[in-house]
$ cat data37.pdb   # PDB, C-alpha atoms
ATOM      1  CA  MET U   8     -22.354  38.483  22.426
ATOM      2  CA  ASP U   9     -25.801  40.066  22.086
ATOM      3  CA  TYR U  10     -26.853  40.600  25.708
ATOM      4  CA  ARG U  11     -30.324  41.854  24.795
ATOM      5  CA  SER U  12     -31.297  38.556  23.205
ATOM      6  CA  ASN U  13     -28.899  36.480  25.316
ATOM      7  CA  VAL U  14     -27.521  34.848  22.153
ATOM      8  CA  THR U  15     -23.810  34.407  21.549
ATOM      9  CA  PHE U  16     -22.612  35.390  18.080
ATOM     10  CA  ILE U  17     -19.337  34.344  16.478
ATOM     11  CA  THR U  18     -17.609  36.548  13.906
ATOM     12  CA  PHE U  19     -15.884  34.885  10.958
ATOM     13  CA  ASP U  20     -12.476  36.497  10.606
ATOM     14  CA  GLY U  21     -11.131  34.353   7.754
ATOM     15  CA  HIS U  22     -12.459  36.327   4.791
ATOM     16  CA  VAL U  23      -9.992  38.263   2.644
ATOM     17  CA  GLU U  24     -11.207  41.656   1.345
ATOM     18  CA  VAL U  25     -14.769  40.329   1.216
ATOM     19  CA  HIS U  26     -16.307  43.830   1.004
ATOM     20  CA  LYS U  27     -14.154  44.700  -2.012
ATOM     21  CA  TYR U  28     -14.666  41.443  -3.920
ATOM     22  CA  LYS U  29     -18.018  40.336  -2.482
ATOM     23  CA  TYR U  30     -19.762  40.028  -5.852
ATOM     24  CA  LEU U  31     -16.857  38.088  -7.332
ATOM     25  CA  TYR U  32     -16.853  35.727  -4.346
ATOM     26  CA  PHE U  33     -20.624  35.346  -4.563
ATOM     27  CA  VAL U  34     -20.775  34.591  -8.296
ATOM     28  CA  PHE U  35     -17.882  32.135  -8.135
ATOM     29  CA  MET U  36     -19.172  30.204  -5.116
ATOM     30  CA  PHE U  37     -22.772  30.250  -6.361
ATOM     31  CA  THR U  38     -21.613  28.778  -9.689
ATOM     32  CA  VAL U  39     -19.622  26.077  -7.886
ATOM     33  CA  TYR U  40     -22.609  25.300  -5.647
ATOM     34  CA  MET U  41     -24.904  24.910  -8.652
ATOM     35  CA  LEU U  42     -22.350  22.625 -10.349
ATOM     36  CA  ILE U  43     -22.087  20.503  -7.200
ATOM     37  CA  ILE U  44     -25.854  20.154  -6.838
ATOM     38  CA  SER U  45     -26.527  19.459 -10.526
ATOM     39  CA  SER U  46     -23.667  16.967 -11.019
ATOM     40  CA  ASN U  47     -24.349  14.994  -7.846
ATOM     41  CA  VAL U  48     -28.127  14.957  -8.293
ATOM     42  CA  THR U  49     -27.737  13.870 -11.945
ATOM     43  CA  ILE U  50     -25.657  10.806 -11.072
ATOM     44  CA  VAL U  51     -27.859   9.915  -8.075
ATOM     45  CA  SER U  52     -30.929  10.122 -10.348
ATOM     46  CA  ILE U  53     -29.270   7.907 -12.966
ATOM     47  CA  ILE U  54     -28.469   5.301 -10.302
ATOM     48  CA  MET U  55     -32.013   5.401  -8.923
ATOM     49  CA  ILE U  56     -33.722   5.235 -12.338
ATOM     50  CA  HIS U  57     -31.762   2.479 -14.074
ATOM     51  CA  LYS U  58     -32.256  -1.011 -12.662
ATOM     52  CA  ASN U  59     -28.905  -2.313 -13.883
ATOM     53  CA  LEU U  60     -27.328   0.098 -11.373
ATOM     54  CA  HIS U  61     -29.338  -1.215  -8.429
ATOM     55  CA  GLU U  62     -26.311  -2.974  -6.968
ATOM     56  CA  PRO U  63     -24.612  -2.366  -3.595
ATOM     57  CA  MET U  64     -21.606  -0.618  -5.139
ATOM     58  CA  TYR U  65     -23.715   1.926  -7.026
ATOM     59  CA  ILE U  66     -26.091   2.485  -4.099
ATOM     60  CA  PHE U  67     -23.053   3.237  -1.915
ATOM     61  CA  ILE U  68     -21.898   5.704  -4.571
ATOM     62  CA  ALA U  69     -25.355   7.331  -4.539
ATOM     63  CA  ALA U  70     -25.180   7.616  -0.737
ATOM     64  CA  LEU U  71     -21.733   9.209  -1.001
ATOM     65  CA  LEU U  72     -23.027  11.755  -3.518
ATOM     66  CA  ILE U  73     -26.077  12.512  -1.347
ATOM     67  CA  ASN U  74     -23.629  13.261   1.461
ATOM     68  CA  SER U  75     -21.847  15.679  -0.861
ATOM     69  CA  VAL U  76     -25.119  17.523  -1.516
ATOM     70  CA  LEU U  77     -25.917  17.695   2.223
ATOM     71  CA  PHE U  78     -22.367  18.817   3.034
ATOM     72  CA  SER U  79     -22.496  21.586   0.443
ATOM     73  CA  THR U  80     -25.944  22.701   1.575
ATOM     74  CA  ALA U  81     -24.648  22.983   5.145
ATOM     75  CA  ILE U  82     -21.791  25.249   3.982
ATOM     76  CA  TYR U  83     -22.601  27.188   0.804
ATOM     77  CA  PRO U  84     -25.851  29.055   1.645
ATOM     78  CA  LYS U  85     -24.241  30.565   4.752
ATOM     79  CA  LEU U  86     -21.096  31.461   2.785
ATOM     80  CA  LEU U  87     -23.165  33.160   0.076
ATOM     81  CA  ILE U  88     -25.076  35.172   2.680
ATOM     82  CA  ASP U  89     -21.824  36.210   4.375
ATOM     83  CA  PHE U  90     -20.330  37.454   1.108
ATOM     84  CA  LEU U  91     -23.162  39.986   0.734
ATOM     85  CA  SER U  92     -23.446  40.881   4.427
ATOM     86  CA  VAL U  93     -21.862  43.805   6.232
ATOM     87  CA  LYS U  94     -20.819  41.513   9.085
ATOM     88  CA  GLN U  95     -19.925  37.839   8.722
ATOM     89  CA  ILE U  96     -21.452  36.420  11.903
ATOM     90  CA  ILE U  97     -23.215  33.280  13.073
ATOM     91  CA  SER U  98     -24.966  32.369  16.308
ATOM     92  CA  TYR U  99     -23.092  29.921  18.491
ATOM     93  CA  PRO U 100     -25.868  27.234  18.346
ATOM     94  CA  ALA U 101     -25.956  27.534  14.542
ATOM     95  CA  CYS U 102     -22.163  27.274  14.477
ATOM     96  CA  LEU U 103     -22.280  24.070  16.516
ATOM     97  CA  PHE U 104     -24.957  22.680  14.192
ATOM     98  CA  GLN U 105     -22.806  23.450  11.138
ATOM     99  CA  TRP U 106     -19.848  21.854  12.922
ATOM    100  CA  PHE U 107     -21.988  18.764  13.601
ATOM    101  CA  LEU U 108     -23.053  18.424   9.941
ATOM    102  CA  TYR U 109     -19.477  18.983   8.760
ATOM    103  CA  TYR U 110     -18.011  16.121  10.795
ATOM    104  CA  TRP U 111     -21.030  13.814  10.700
ATOM    105  CA  LEU U 112     -21.001  13.768   6.901
ATOM    106  CA  GLY U 113     -17.199  13.510   6.844
ATOM    107  CA  GLY U 114     -17.263  10.462   9.121
ATOM    108  CA  SER U 115     -20.130   8.996   7.110
ATOM    109  CA  ASP U 116     -18.055   9.280   3.925
ATOM    110  CA  PHE U 117     -15.218   7.271   5.464
ATOM    111  CA  PHE U 118     -17.604   4.509   6.551
ATOM    112  CA  LEU U 119     -19.221   4.439   3.108
ATOM    113  CA  LEU U 120     -15.802   4.188   1.444
ATOM    114  CA  SER U 121     -14.849   1.305   3.762
ATOM    115  CA  PHE U 122     -18.092  -0.556   2.977
ATOM    116  CA  MET U 123     -17.514   0.054  -0.733
ATOM    117  CA  ALA U 124     -14.020  -1.413  -0.331
ATOM    118  CA  TYR U 125     -15.489  -4.478   1.373
ATOM    119  CA  ASP U 126     -18.040  -4.845  -1.427
ATOM    120  CA  ARG U 127     -15.218  -4.773  -4.023
ATOM    121  CA  TYR U 128     -13.175  -7.206  -1.932
ATOM    122  CA  VAL U 129     -15.990  -9.763  -1.822
ATOM    123  CA  SER U 130     -16.867  -9.235  -5.487
ATOM    124  CA  ILE U 131     -13.290  -9.739  -6.726
ATOM    125  CA  CYS U 132     -11.782 -12.124  -4.178
ATOM    126  CA  ASN U 133     -14.889 -14.236  -3.446
ATOM    127  CA  PRO U 134     -17.171 -13.816  -6.476
ATOM    128  CA  LEU U 135     -19.028 -17.106  -5.921
ATOM    129  CA  LYS U 136     -20.054 -16.016  -2.417
ATOM    130  CA  TYR U 137     -20.903 -12.434  -3.340
ATOM    131  CA  THR U 138     -24.689 -12.822  -3.538
ATOM    132  CA  THR U 139     -24.691 -14.811  -0.293
ATOM    133  CA  ILE U 140     -22.568 -12.310   1.645
ATOM    134  CA  MET U 141     -23.902  -9.033   0.202
ATOM    135  CA  GLN U 142     -27.563  -9.711   0.805
ATOM    136  CA  LYS U 143     -30.104  -6.923   1.114
ATOM    137  CA  THR U 144     -30.092  -7.191   4.911
ATOM    138  CA  THR U 145     -26.301  -6.853   5.062
ATOM    139  CA  PHE U 146     -26.378  -3.923   2.663
ATOM    140  CA  ASP U 147     -29.112  -2.165   4.680
ATOM    141  CA  VAL U 148     -27.120  -2.604   7.903
ATOM    142  CA  PHE U 149     -24.014  -1.141   6.232
ATOM    143  CA  LEU U 150     -25.920   1.850   4.878
ATOM    144  CA  ILE U 151     -27.665   2.630   8.169
ATOM    145  CA  THR U 152     -24.416   2.214  10.108
ATOM    146  CA  ALA U 153     -22.621   4.619   7.764
ATOM    147  CA  TRP U 154     -25.121   7.352   8.660
ATOM    148  CA  ILE U 155     -26.151   6.584  12.244
ATOM    149  CA  LEU U 156     -22.812   5.663  13.887
ATOM    150  CA  PRO U 157     -20.893   8.847  12.932
ATOM    151  CA  ALA U 158     -23.952  10.930  13.834
ATOM    152  CA  CYS U 159     -23.936   9.434  17.347
ATOM    153  CA  LEU U 160     -20.169   9.883  17.731
ATOM    154  CA  VAL U 161     -20.223  13.512  16.607
ATOM    155  CA  SER U 162     -23.352  14.295  18.679
ATOM    156  CA  VAL U 163     -21.526  13.367  21.889
ATOM    157  CA  ALA U 164     -18.563  15.528  20.841
ATOM    158  CA  MET U 165     -20.911  18.433  20.106
ATOM    159  CA  LEU U 166     -22.590  18.119  23.523
ATOM    160  CA  LEU U 167     -19.186  18.099  25.233
ATOM    161  CA  SER U 168     -18.212  21.238  23.310
ATOM    162  CA  ALA U 169     -21.492  23.013  24.071
ATOM    163  CA  LYS U 170     -20.777  22.849  27.814
ATOM    164  CA  ASN U 171     -17.491  24.717  27.511
ATOM    165  CA  GLU U 172     -17.210  28.434  28.168
ATOM    166  CA  ILE U 173     -16.246  30.693  25.263
ATOM    167  CA  CYS U 174     -13.627  33.394  25.721
ATOM    168  CA  LEU U 175     -13.019  34.341  22.078
ATOM    169  CA  PHE U 176     -15.741  35.459  19.678
ATOM    170  CA  HIS U 177     -13.700  35.788  16.492
ATOM    171  CA  LEU U 178     -13.185  32.612  14.491
ATOM    172  CA  LYS U 179     -10.118  32.474  12.257
ATOM    173  CA  GLY U 180     -11.996  30.875   9.384
ATOM    174  CA  ILE U 181     -15.028  31.187   7.119
ATOM    175  CA  LEU U 182     -16.990  28.232   8.511
ATOM    176  CA  CYS U 183     -17.376  26.266  11.721
ATOM    177  CA  ASN U 184     -14.940  23.364  11.603
ATOM    178  CA  SER U 185     -12.024  22.389  13.837
ATOM    179  CA  THR U 186     -11.198  26.061  14.410
ATOM    180  CA  VAL U 187     -14.154  26.189  16.824
ATOM    181  CA  GLN U 188     -11.882  24.552  19.414
ATOM    182  CA  THR U 189      -9.800  27.757  19.540
ATOM    183  CA  LEU U 190     -12.756  29.714  20.975
ATOM    184  CA  TYR U 191     -12.885  27.967  24.338
ATOM    185  CA  CYS U 192     -11.322  29.379  27.494
ATOM    186  CA  VAL U 193      -9.815  26.054  28.562
ATOM    187  CA  ARG U 194      -8.870  23.000  26.520
ATOM    188  CA  SER U 195     -10.837  20.126  28.019
ATOM    189  CA  LYS U 196      -8.918  16.871  28.460
ATOM    190  CA  ILE U 197     -12.143  14.873  28.218
ATOM    191  CA  ARG U 198     -13.030  16.557  24.928
ATOM    192  CA  ASN U 199      -9.529  16.002  23.541
ATOM    193  CA  ILE U 200      -9.519  12.327  24.545
ATOM    194  CA  TYR U 201     -12.989  11.744  23.129
ATOM    195  CA  GLY U 202     -12.006  13.598  19.943
ATOM    196  CA  SER U 203      -9.069  11.224  19.544
ATOM    197  CA  VAL U 204     -11.422   8.252  20.000
ATOM    198  CA  VAL U 205     -13.772   9.623  17.335
ATOM    199  CA  LEU U 206     -10.846  10.278  14.986
ATOM    200  CA  PHE U 207      -9.615   6.714  15.432
ATOM    201  CA  THR U 208     -13.086   5.166  15.047
ATOM    202  CA  ALA U 209     -14.427   7.256  12.186
ATOM    203  CA  VAL U 210     -11.245   7.910  10.204
ATOM    204  CA  LEU U 211      -8.218   5.746  11.028
ATOM    205  CA  LEU U 212     -10.069   2.410  11.351
ATOM    206  CA  PRO U 213     -11.951   2.806   8.037
ATOM    207  CA  VAL U 214      -8.746   3.908   6.261
ATOM    208  CA  LEU U 215      -6.782   0.940   7.633
ATOM    209  CA  PHE U 216      -9.601  -1.404   6.630
ATOM    210  CA  ILE U 217      -9.705   0.099   3.122
ATOM    211  CA  LEU U 218      -5.940  -0.289   2.729
ATOM    212  CA  PHE U 219      -6.163  -3.913   3.888
ATOM    213  CA  THR U 220      -8.984  -4.822   1.478
ATOM    214  CA  TYR U 221      -7.328  -3.146  -1.497
ATOM    215  CA  SER U 222      -4.017  -4.818  -0.702
ATOM    216  CA  ARG U 223      -5.828  -8.171  -0.818
ATOM    217  CA  ILE U 224      -7.474  -7.175  -4.106
ATOM    218  CA  LEU U 225      -4.060  -6.189  -5.452
ATOM    219  CA  VAL U 226      -2.642  -9.614  -4.581
ATOM    220  CA  VAL U 227      -5.539 -11.417  -6.282
ATOM    221  CA  SER U 228      -5.290  -9.143  -9.327
ATOM    222  CA  TYR U 229      -1.563  -9.808  -9.620
ATOM    223  CA  ARG U 230      -2.150 -13.570  -9.605
ATOM    224  CA  CYS U 231      -5.082 -13.506 -12.011
ATOM    225  CA  ILE U 232      -4.705 -11.431 -15.180
ATOM    226  CA  GLY U 233      -8.439 -11.649 -15.971
ATOM    227  CA  VAL U 234      -9.336  -9.922 -12.714
ATOM    228  CA  ARG U 235      -6.797  -7.119 -13.145
ATOM    229  CA  ARG U 236      -8.822  -4.982 -15.558
ATOM    230  CA  ARG U 237     -12.041  -5.372 -13.583
ATOM    231  CA  ALA U 238     -10.272  -4.426 -10.362
ATOM    232  CA  ALA U 239      -8.707  -1.353 -11.969
ATOM    233  CA  GLN U 240     -12.041  -0.152 -13.391
ATOM    234  CA  THR U 241     -13.988  -0.436 -10.120
ATOM    235  CA  CYS U 242     -11.319   0.184  -7.463
ATOM    236  CA  LEU U 243      -9.383   3.080  -8.990
ATOM    237  CA  PRO U 244     -12.223   5.628  -8.571
ATOM    238  CA  HIS U 245     -12.639   4.629  -4.905
ATOM    239  CA  LEU U 246      -8.907   5.016  -4.284
ATOM    240  CA  LEU U 247      -8.829   8.448  -5.941
ATOM    241  CA  VAL U 248     -11.743   9.636  -3.809
ATOM    242  CA  LEU U 249     -10.128   8.181  -0.676
ATOM    243  CA  ILE U 250      -6.781   9.891  -1.345
ATOM    244  CA  ASN U 251      -8.455  13.231  -2.064
ATOM    245  CA  PHE U 252     -10.691  13.050   1.004
ATOM    246  CA  SER U 253      -7.912  11.831   3.322
ATOM    247  CA  CYS U 254      -5.685  14.764   2.322
ATOM    248  CA  LEU U 255      -8.476  17.231   3.057
ATOM    249  CA  ILE U 256      -9.225  15.636   6.428
ATOM    250  CA  ALA U 257      -5.518  15.620   7.317
ATOM    251  CA  TYR U 258      -5.432  19.357   6.651
ATOM    252  CA  ASP U 259      -8.569  19.889   8.745
ATOM    253  CA  VAL U 260      -7.072  18.009  11.705
ATOM    254  CA  LEU U 261      -3.933  20.159  11.503
ATOM    255  CA  LEU U 262      -5.928  23.361  10.974
ATOM    256  CA  PRO U 263      -5.925  24.629  14.591
ATOM    257  CA  ARG U 264      -2.119  24.452  14.618
ATOM    258  CA  LEU U 265      -1.584  25.823  11.132
ATOM    259  CA  GLU U 266      -3.752  28.892  11.693
ATOM    260  CA  LEU U 267      -1.301  30.250  14.249
ATOM    261  CA  ASP U 268       1.429  30.705  11.647
ATOM    262  CA  SER U 269      -0.136  30.654   8.183
ATOM    263  CA  PRO U 270      -1.355  33.907   6.571
ATOM    264  CA  LYS U 271      -5.079  34.547   6.194
ATOM    265  CA  ILE U 272      -5.029  34.131   2.388
ATOM    266  CA  ALA U 273      -3.418  30.679   2.729
ATOM    267  CA  ARG U 274      -6.067  29.555   5.239
ATOM    268  CA  LEU U 275      -8.822  30.850   2.972
ATOM    269  CA  ILE U 276      -7.470  28.994  -0.067
ATOM    270  CA  MET U 277      -7.080  25.733   1.869
ATOM    271  CA  THR U 278     -10.594  26.011   3.335
ATOM    272  CA  LEU U 279     -12.085  26.688  -0.098
ATOM    273  CA  GLN U 280     -10.331  23.581  -1.389
ATOM    274  CA  VAL U 281     -12.024  21.541   1.337
ATOM    275  CA  VAL U 282     -15.506  22.797   0.446
ATOM    276  CA  ILE U 283     -14.986  22.714  -3.341
ATOM    277  CA  TYR U 284     -12.811  19.746  -4.251
ATOM    278  CA  HIS U 285     -14.477  16.850  -2.436
ATOM    279  CA  PRO U 286     -18.164  17.460  -3.353
ATOM    280  CA  LEU U 287     -17.204  18.377  -6.924
ATOM    281  CA  PHE U 288     -14.508  15.712  -7.281
ATOM    282  CA  ASN U 289     -16.782  12.757  -6.441
ATOM    283  CA  PRO U 290     -19.334  13.026  -9.278
ATOM    284  CA  ILE U 291     -16.566  13.743 -11.819
ATOM    285  CA  ILE U 292     -14.573  10.665 -10.817
ATOM    286  CA  TYR U 293     -17.534   8.299 -10.574
ATOM    287  CA  GLY U 294     -19.161   9.738 -13.681
ATOM    288  CA  LEU U 295     -16.062   9.323 -15.850
ATOM    289  CA  LYS U 296     -14.404   6.245 -14.373
ATOM    290  CA  MET U 297     -17.382   3.959 -13.637
ATOM    291  CA  ARG U 298     -18.244   2.469 -17.018
ATOM    292  CA  LYS U 299     -21.964   1.842 -16.478
ATOM    293  CA  ILE U 300     -22.576   5.316 -15.070
ATOM    294  CA  TYR U 301     -20.530   6.875 -17.877
ATOM    295  CA  ASP U 302     -22.596   5.046 -20.523
ATOM    296  CA  HIS U 303     -25.861   6.331 -19.041
ATOM    297  CA  LEU U 304     -24.426   9.844 -18.784
ATOM    298  CA  LYS U 305     -23.379   9.746 -22.420
ATOM    299  CA  LYS U 306     -26.861   8.643 -23.490
ATOM    300  CA  LEU U 307     -28.401  11.421 -21.385
ATOM    301  CA  PHE U 308     -26.196  14.106 -22.942
ATOM    302  CA  CYS U 309     -26.875  12.766 -26.441
ATOM    303  CA  ARG U 310     -30.621  13.041 -25.824
ATOM    304  CA  MET U 311     -30.231  16.585 -24.504
ATOM    305  CA  VAL U 312     -28.227  17.602 -27.574
ATOM    306  CA  TRP U 313     -30.810  15.979 -29.840
ATOM    307  CA  PHE U 314     -33.681  17.864 -28.194
ATOM    308  CA  LEU U 315     -31.767  21.141 -28.492
TER     309      LEU U 315
END
$ encode --input "data37.pdb" --output "C-alpha cells"
Amino acid sequence: MDYRSNVTFITFDGHVEVHKYKYLYFVFMFTVYMLIISSNVTIVSIIMIHKNLHEPMYIFIAALLINSVLFSTAIYPKLLIDFLSVKQIISYPACLFQWFLYYWLGGSDFFLLSFMAYDRYVSICNPLKYTTIMQKTTFDVFLITAWILPACLVSVAMLLSAKNEICLFHLKGILCNSTVQTLYCVRSKIRNIYGSVVLFTAVLLPVLFILFTYSRILVVSYRCIGVRRRAAQTCLPHLLVLINFSCLIAYDVLLPRLELDSPKIARLIMTLQVVIYHPLFNPIIYGLKMRKIYDHLKKLFCRMVWFL
C-alpha cells in the first residue's frame, strides 16, 4: 500500500521470468491483440455494412464480437504495460474495475449465446412464426438485456467486494479475475452466496436454456432431412463457441482452488488461453462457418489482392 497517496496497490505475481523475456512477451501479445481487434472489427463492419446481414442472428454475432473487443481492451493494454515495467502493479480500484469488465462481458456473452440459440430455435422449429416472434422490439429487448442485466449483477458483486478488508497485496495471476477473492482477510458468506446466485443466473441458466433449445432443434432436424443441413450450418458455430467459452469459464471458477497446487507456469498458460482463445476464436469460427459472412469476407480479400 502507498500510504503517502492513500492508494492500495496490488502486485501481480503470476508472471514467469517477465524481466528476461519481456520483449518476447510484448511482441507476442501485441501481435495477438492486433489480430483480435482487426478480425473482430472486420466482421462487425461487414455485418453493419451489408443489408442482407441485418438479421437478428448476425446482429447478435456482431454484439458478441464487440464484447470480444471490449474484453481484450480491458486486458491487453495493461498486460503490455506490465511486460515492460519494472514492477507489475495495479491500484485496487483499477483492479476492481478490470474485474468488473471481465465478468460483465463474460456474463453478457452467455446471454447473447442464449438469445442466439432462441433465435435459431424459432427460425428452424417455427419458421412461419419467425417474423412475428422476432420483431424489432423483441430483438432490442434481448440485446439490451444481454448488456444491462449482467452489468447490474456484477456491479452488486463488485460493491460487496469493495467493502472487504484486504490482507494480501500479491495476486497470484497476471490480471484481476477470480483470484481477487484470495486477497481478502475473511471470506464473506454474503459475497459467496451472492456469487453463487450470479453464477447460476448468468452462466448455468443460459447454458441450460441453450442445451434445451439445441436439443429441440436436433429433434426437428432428425425428423426433417431438409432442415438438417440448415441447422448444421447455423447452429454448429454457436455450439463451438459455447463449448470453448464454457471450458474457459469452468477453469476460471476453479482458479482460486487450482492456484494453491498448480505451478506458476501452468497458471500463466491457462490464463493466457482465457485471454487469447475466446476473443480470437469467435471471429475465426463465425467468419469461416457462417456462409453469408464467409462470402463477404472472400469478396473483401479478393478486392484487397486485386488492389495490391
$ atom_distance --input "data37.pdb" --atom1 "CA of Leu255 in chain U" --atom2 "CA of Val281 in chain U"
5.8 Å
$ atom_distance --input "data37.pdb" --atom1 "CA of Pro244 in chain U" --atom2 "CA of Leu295 in chain U"
9.0 Å
$ resolve_selection --input "data37.pdb" --expression "the PyMOL selection byres ((chain U and resi 210) around 9)" --output "MDAnalysis selection string"
chainID U and resid 113:114 117:118 205:209 211:215 253 256
$ closest_residue --input "data37.pdb" --among "U:Tyr128, U:Ile88, U:His61, U:Thr186" --to "Tyr32 in chain U" --atoms "all atoms listed in the file"
U:Ile88
$ closest_residue --input "data37.pdb" --among "U:Ser46, U:Thr80, U:Thr144, U:Thr18" --to "Ile97 in chain U" --atoms "all atoms listed in the file"
U:Thr18
$ closest_residue --input "data37.pdb" --among "U:Val260, U:Val161, U:Met123, U:Leu190" --to "Leu243 in chain U" --atoms "all atoms listed in the file"
U:Met123
$ closest_residue --input "data37.pdb" --among "U:Ile224, U:Ile44, U:Leu60, U:Cys192" --to "Asp302 in chain U" --atoms "only C-alpha atoms"
U:Leu60
$ residues_around --input "data37.pdb" --residues "Ser195 in chain U" --least-positions-apart "4" --cutoff "12 Å" --atoms "all atoms listed in the file" --output "compact mmCIF listing (two decimals) with C-alpha atoms, in the coordinates of the input"
# COMPACT_ATOMS: atom_id res chain seq x y z
CA ALA U 164 -18.56 15.53 20.84
CA LEU U 167 -19.19 18.10 25.23
CA SER U 168 -18.21 21.24 23.31
CA ALA U 169 -21.49 23.01 24.07
CA LYS U 170 -20.78 22.85 27.81
CA ASN U 171 -17.49 24.72 27.51
CA GLU U 172 -17.21 28.43 28.17
CA GLN U 188 -11.88 24.55 19.41
CA THR U 189 -9.80 27.76 19.54
CA TYR U 191 -12.88 27.97 24.34
CA ASN U 199 -9.53 16.00 23.54
CA ILE U 200 -9.52 12.33 24.54
CA TYR U 201 -12.99 11.74 23.13
CA GLY U 202 -12.01 13.60 19.94
$ atom_distance --input "data37.pdb" --atom1 "CA of Val51 in chain U" --atom2 "CA of Ala69 in chain U"
5.0 Å
$ resolve_selection --input "data37.pdb" --expression "the PyMOL selection byres ((chain U and resi 150) around 10)" --output "ChimeraX atom specification"
/U:63,66-67,70,115,118-119,122,144-149,151-155
$ resolve_selection --input "data37.pdb" --expression "the PyMOL selection byres ((chain U and resi 72) around 8)" --output "short mmCIF file (atom, residue, chain, number, x, y, z; two decimals) with C-alpha atoms, in the frame of the given file"
data_model
loop_
_atom_site.label_atom_id
_atom_site.label_comp_id
_atom_site.auth_asym_id
_atom_site.auth_seq_id
_atom_site.Cartn_x
_atom_site.Cartn_y
_atom_site.Cartn_z
CA ASN U 47 -24.35 14.99 -7.85
CA VAL U 48 -28.13 14.96 -8.29
CA VAL U 51 -27.86 9.91 -8.07
CA ILE U 68 -21.90 5.70 -4.57
CA ALA U 69 -25.36 7.33 -4.54
CA ALA U 70 -25.18 7.62 -0.74
CA LEU U 71 -21.73 9.21 -1.00
CA ILE U 73 -26.08 12.51 -1.35
CA ASN U 74 -23.63 13.26 1.46
CA SER U 75 -21.85 15.68 -0.86
CA VAL U 76 -25.12 17.52 -1.52
CA PRO U 286 -18.16 17.46 -3.35
CA ASN U 289 -16.78 12.76 -6.44
CA PRO U 290 -19.33 13.03 -9.28
#
$ axis_aligned_box --input "data37.pdb" --around "range 155-160 of chain U" --padding-each-side "6 Å" --output "JSON"
{"center_x": -23.2, "center_y": 8.3, "center_z": 15.0, "size_x": 18.0, "size_y": 17.3, "size_z": 17.5}
$ closest_residue --input "data37.pdb" --among "U:Cys132, U:Ile96, U:Cys183, U:Val282" --to "Leu225 in chain U" --atoms "all atoms listed in the file"
U:Cys132
$ residues_around --input "data37.pdb" --residues "His245 in chain U" --least-positions-apart "3" --cutoff "12 Å" --atoms "all atoms listed in the file" --output "number ranges by chain"
U: 64-65, 67-68, 71, 116-117, 119-127, 214, 217-218, 220-221, 238-242, 248-253, 288-290, 292-293, 296-297
$ residues_around --input "data37.pdb" --residues "Tyr109 in chain U" --least-positions-apart "6" --cutoff "8 Å" --atoms "all atoms listed in the file" --output "list in words"
Phe78, Ala81 and Asn184 of chain U
$ residues_around --input "data37.pdb" --residues "Asp20 in chain U" --least-positions-apart "3" --cutoff "6 Å" --atoms "all atoms listed in the file" --output "ChimeraX atom specification"
/U:178-180
$ closest_residue --input "data37.pdb" --among "U:Ile82, U:Ile17, U:Ile56, U:Val25" --to "Ile283 in chain U" --atoms "only C-alpha atoms"
U:Ile82
$ residues_around --input "data37.pdb" --residues "Gln95 in chain U" --least-positions-apart "2" --cutoff "7 Å" --atoms "only C-alpha atoms" --output "count of residues only"
5
